[in-house]
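S.K.: I'd like to ask some things about the structure below.
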Amino acid sequence: KVKTSWSQYFQQPFKICTYLVFISCFYIFNIFIFQKKKLLMEYISTRNNSDHFSFKNVFLKGLADDGGLFVPKSIKPFSKEELIKLSSLKYNELAAEIIFPFIGNFMTKKELSSLISKSYSHFRCEDVVKISDLGKFKILELFHGPTLAFKDIAMQLIGNFYQYHLESAEKKINIIVATSGDTGAAAIDALKGKSNLNVFVLHPHNKISPVQRRLMTIHEERNVFNIAIEGNFDDCQNLVKAMFNDQNFSNKINMSGVNSINWARIIAQAVYYFYAYFKTGNGQPLSFSVPTGNFGDIYAGYLAKKLGLPVDKLIVATNKNDILHRAISGGDYTQKKVEETNTPSMDIQIASNFERLLYDVKDCNSEFTKDVMSKIKNNEYKIDNNDLEKIKRNFISEMLDENETVEMIKDIHEKYRIVVDPHTAVGIGAAKKLELEKNCVVLSTAHPCKFPKAIEDAISKTEKLPESLRYVYDREEKFDVLSNDLEKVKNYVINSI
């Protein structure tokens with residue numbers, strides 16, 4: 001019967017050809033799907049790496065349901081040949097090449113390039129950021145966006161990501177974000193007036209500069225809500241995390257977040273490390289000094305290094321709220337009381353993004369990471385010597401107190417006739433203390449006009465806002481003051497949407 005069956009087929013060449021074409025197409029289709037699946041970036045949680053997520057899930061959720069942070073399952077570094085090709089690109093082109101591998105099938109590369117161009121079209125610097133000389137240092141100016149802080153670089157892009165997604169979304173999104181001063185303004189500027197979303201910003205009442213507050217609170221768009229929490233930034237951050245972790249609440253309001261824990265911000269910020277290296281590097285590895293509180297901006301530098309960028313040391317520069325300096329220099333990761341300083345964006349004792357580094361240090365073991373985070377929550381975690389040694393391969397740290405910061409601003413102004421904001425002064429001072437001035441780029445994270453008191457204390461004058469932003473002094477502010485009470489904040493959100 002088998003022989004008869006085959007002989008019948010051979011008597012009908014058309015049927016045989018049809019059958020072979022069908023089998024070939026099926027085989028090719030499966031190879032294509034398999035290869036495409038391989039190319040898509042998969043993400044896991046630092047506290048449970050058995051579940052996989054797409055970039056869309058990661059972007060919209062911000063924080064994993066288990067309380068962990070999203071990280072790529074694996075990262076493929078650029079080859080030397082690829083880095084050479086990247087080195088000749090303009091900022092927008094470079095951003096597309098670095099970001100696209102991380103976003104999977106969220107959008108096409110052409111669409112991404114279009115959104116990047118749209119996001120940076122109204123920056124005051126032609127190539128988004130600017131590099132200037134300061135003695136032996138190179139200064140990477142990241143404050144040429146609409147709210148005068150580095151947060152604009154990621155946030156403007158994220159705002160357009162949301163708009164892209166909402167064109168086909170069925171539910172309105174409610175974005176809730178905590179800010180130590182700059183993130184809130186950047187988020188509001190990027191999201192104000194956009195349809196199908198609301199943005200709620202929690203800032204510590206009377207603990208940010210007046211300019212920082214006004215850049216958030218003078219907007220009249222109906223989708224913008226400002227909440228001043230009677231507490232510090234860590235209180236604001238804890239409230240946002242608690243709302244994320246309340247699954248009934250977060251699902252009910254379709255909650256999303258744009259704090260520095262959102263992976264989309266990390267990949268957008270990694271771009272300017274590449275740009276700075278290509279513009280200033282002489283083939284030698286560069287060190288970067290980064291004023292940091294929540295460990296997000298410097299983690300972006302760590303990501304750049306994992307992607308193959310020749311980075312020597314990442315300098316963690318802190319103020320006297322120095323949990324990161326204590327952790328990296330000696331393993332002490334216990335929280336102390338937050339103190340108000342002249343660098344308010346770093347008045348933080350809970351560095352959320354540090355969890356991503358700890359996950360790496362624990363050899364990507366989510367169970368170990370989960371245990372560590374439990375100890376941190378109970379304020380009883382000390383980094384062991386083996387883990388500390390791994391951290392010190394990439395990171396080094398230093399701290400400046402308020403007086404040192406003022407003196408640094410004064411010294412820079414006297415020597416170079418340049419005014420830097422207090423956070424940038426901390427970055428410069430940390431590198432000087434560590435004697436890492438050669439081949440070092442300091443990230444200048446904000447315009448000095450945002451911190452008038454610190455500047456006046458240093459040089460007896462203040463820096464003016466750019467002409468395009470002078471209007472913030474004339475408009476009426478709009479914000480509500482709430483106690484540090486989770487239920488009150490949740491009720492405020494529910495009653496506002």
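Convention: chains lettered A, B, ... in structure tokens order; per-chain residue numbering from 1; ligands numbered from 1 as shown.
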Give me the residues within 9 Å of segment 290-295 of chain A as a ChimeraX atom specification, counting only C-alpha atoms and dropping any in the same chain fewer than 4 places off.

M.R.: /A:260-261,299-300,314-319,321-324,345-354,423-428,430,441-445

S.K.: According to DSSP computed on the backbone, where in segment 359-432 of chain A is there strand (DSSP E or B)? Give the residues as a CSV table (one decimal) with N, CA and C atoms, in the first residue's frame.

M.R.:
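Contents of out.csv, freshly written:
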chain,number,residue,atom,x,y,z
A,382,LYS,N,24.4,44.5,56.0
A,382,LYS,CA,25.8,44.9,55.8
A,382,LYS,C,26.3,44.1,54.6
A,395,PHE,N,32.9,50.5,41.0
A,395,PHE,CA,32.5,51.7,41.7
A,395,PHE,C,33.5,52.2,42.8
A,396,ILE,N,33.5,53.5,43.0
A,396,ILE,CA,34.3,54.1,44.1
A,396,ILE,C,33.4,55.3,44.5
A,397,SER,N,33.6,55.7,45.8
A,397,SER,CA,32.7,56.7,46.3
A,397,SER,C,33.4,57.8,47.1
A,398,GLU,N,32.7,58.9,47.3
A,398,GLU,CA,33.1,60.0,48.2
A,398,GLU,C,32.0,60.9,48.5
A,399,MET,N,32.1,61.6,49.6
A,399,MET,CA,31.1,62.5,50.2
A,399,MET,C,31.6,63.9,50.4

S.K.: List as a VMD selection string the protein and nucleic acid residues near Asp384 of chain A, meaning an atom at most 10 Å away when only C-alpha atoms are counted, but skip any in the same chain fewer than 5 places from it.

M.R.: chain A and resid 330 to 332 389

S.K.: Save the residues we just selected, all heavy atoms, as a PDB file, in the first residue's frame?

M.R.:
ATOM      1  N   GLY A 330      32.659  50.909  52.698  1.00  0.00           N
ATOM      2  CA  GLY A 330      32.873  50.004  53.821  1.00  0.00           C
ATOM      3  C   GLY A 330      31.805  48.959  54.055  1.00  0.00           C
ATOM      4  O   GLY A 330      31.868  48.207  55.029  1.00  0.00           O
ATOM      5  N   GLY A 331      30.781  48.907  53.186  1.00  0.00           N
ATOM      6  CA  GLY A 331      29.760  47.873  53.307  1.00  0.00           C
ATOM      7  C   GLY A 331      28.594  48.214  54.210  1.00  0.00           C
ATOM      8  O   GLY A 331      27.675  47.406  54.387  1.00  0.00           O
ATOM      9  N   ASP A 332      28.589  49.423  54.789  1.00  0.00           N
ATOM     10  CA  ASP A 332      27.519  49.807  55.712  1.00  0.00           C
ATOM     11  C   ASP A 332      26.304  50.322  54.941  1.00  0.00           C
ATOM     12  O   ASP A 332      26.317  51.436  54.421  1.00  0.00           O
ATOM     13  CB  ASP A 332      28.023  50.892  56.669  1.00  0.00           C
ATOM     14  CG  ASP A 332      26.943  51.380  57.636  1.00  0.00           C
ATOM     15  OD1 ASP A 332      25.892  50.709  57.744  1.00  0.00           O
ATOM     16  OD2 ASP A 332      27.151  52.425  58.279  1.00  0.00           O
ATOM     17  N   GLU A 389      33.903  43.499  47.297  1.00  0.00           N
ATOM     18  CA  GLU A 389      35.013  43.443  46.345  1.00  0.00           C
ATOM     19  C   GLU A 389      34.512  43.503  44.907  1.00  0.00           C
ATOM     20  O   GLU A 389      35.100  44.179  44.050  1.00  0.00           O
ATOM     21  CB  GLU A 389      35.818  42.154  46.561  1.00  0.00           C
ATOM     22  CG  GLU A 389      37.072  42.058  45.708  1.00  0.00           C
ATOM     23  CD  GLU A 389      37.855  40.775  45.950  1.00  0.00           C
ATOM     24  OE1 GLU A 389      37.737  40.206  47.055  1.00  0.00           O
ATOM     25  OE2 GLU A 389      38.567  40.343  45.026  1.00  0.00           O
TER      26      GLU A 389
END

S.K.: Would you mind listing what lies within 10 Å of Phe123 of chain A as a list in words, with only C-alpha atoms counted and same-chain residues fewer than 5 positions away left out?

M.R.: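 Here the qualifying residues turn out to be Val128, Val129, Phe143, His144, Gly145, Pro146, Thr147, Leu148, Asp152 and Ile153 of chain A.
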
S.K.: Atoms to include: N, CA and C atoms. Write the selected residues as an mmCIF file, in the first residue's frame.

M.R.:
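Saved to part_9.cif:
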data_model
loop_
_atom_site.group_PDB
_atom_site.id
_atom_site.type_symbol
_atom_site.label_atom_id
_atom_site.label_comp_id
_atom_site.auth_asym_id
_atom_site.auth_seq_id
_atom_site.Cartn_x
_atom_site.Cartn_y
_atom_site.Cartn_z
ATOM 1 N N VAL A 128 21.477 67.918 22.109
ATOM 2 C CA VAL A 128 20.849 67.470 23.360
ATOM 3 C C VAL A 128 21.692 67.783 24.581
ATOM 4 N N VAL A 129 22.962 67.368 24.597
ATOM 5 C CA VAL A 129 23.851 67.642 25.722
ATOM 6 C C VAL A 129 25.060 68.418 25.220
ATOM 7 N N PHE A 143 21.529 69.579 31.336
ATOM 8 C CA PHE A 143 20.394 70.383 31.822
ATOM 9 C C PHE A 143 19.811 71.313 30.761
ATOM 10 N N HIS A 144 19.928 70.951 29.508
ATOM 11 C CA HIS A 144 19.458 71.850 28.451
ATOM 12 C C HIS A 144 18.040 71.523 27.972
ATOM 13 N N GLY A 145 17.332 70.716 28.733
ATOM 14 C CA GLY A 145 15.941 70.402 28.425
ATOM 15 C C GLY A 145 14.977 71.400 29.031
ATOM 16 N N PRO A 146 13.685 71.179 28.905
ATOM 17 C CA PRO A 146 12.679 72.167 29.308
ATOM 18 C C PRO A 146 12.589 72.457 30.805
ATOM 19 N N THR A 147 13.042 71.530 31.674
ATOM 20 C CA THR A 147 12.977 71.810 33.114
ATOM 21 C C THR A 147 14.364 71.878 33.752
ATOM 22 N N LEU A 148 15.388 72.052 32.939
ATOM 23 C CA LEU A 148 16.731 72.385 33.402
ATOM 24 C C LEU A 148 17.404 71.296 34.237
ATOM 25 N N ASP A 152 15.074 65.410 32.113
ATOM 26 C CA ASP A 152 14.352 65.690 30.866
ATOM 27 C C ASP A 152 14.756 64.728 29.744
ATOM 28 N N ILE A 153 16.020 64.308 29.743
ATOM 29 C CA ILE A 153 16.524 63.502 28.635
ATOM 30 C C ILE A 153 15.770 62.187 28.532
#

S.K.: Which residues, written as a PyMOL selection string, have at least one atom at most 9 Å from Ile376 of chain A, with only C-alpha atoms counted and residues fewer than 4 positions away on the same chain left out?

M.R.: chain A and resi 333-335+371-372+380-382

S.K.: Could you please take those selected residues and save C-alpha atoms as an mmCIF file, in the first residue's frame?

M.R.:
data_model
loop_
_atom_site.group_PDB
_atom_site.id
_atom_site.type_symbol
_atom_site.label_atom_id
_atom_site.label_comp_id
_atom_site.auth_asym_id
_atom_site.auth_seq_id
_atom_site.Cartn_x
_atom_site.Cartn_y
_atom_site.Cartn_z
ATOM 1 C CA TYR A 333 24.048 49.945 54.150
ATOM 2 C CA THR A 334 22.050 50.949 57.224
ATOM 3 C CA GLN A 335 19.677 53.880 56.904
ATOM 4 C CA ASP A 371 16.545 37.945 51.167
ATOM 5 C CA VAL A 372 18.908 40.928 51.023
ATOM 6 C CA GLU A 380 19.965 45.238 59.242
ATOM 7 C CA TYR A 381 21.997 44.661 56.075
ATOM 8 C CA LYS A 382 25.762 44.911 55.767
#

S.K.: Choose the residue, out of A:Ala264, A:Ala96, A:Leu134, A:Val338, that has the smallest atom-to-atom separation from Val419 of chain A; count only C-alpha atoms.

M.R.: A:Leu134
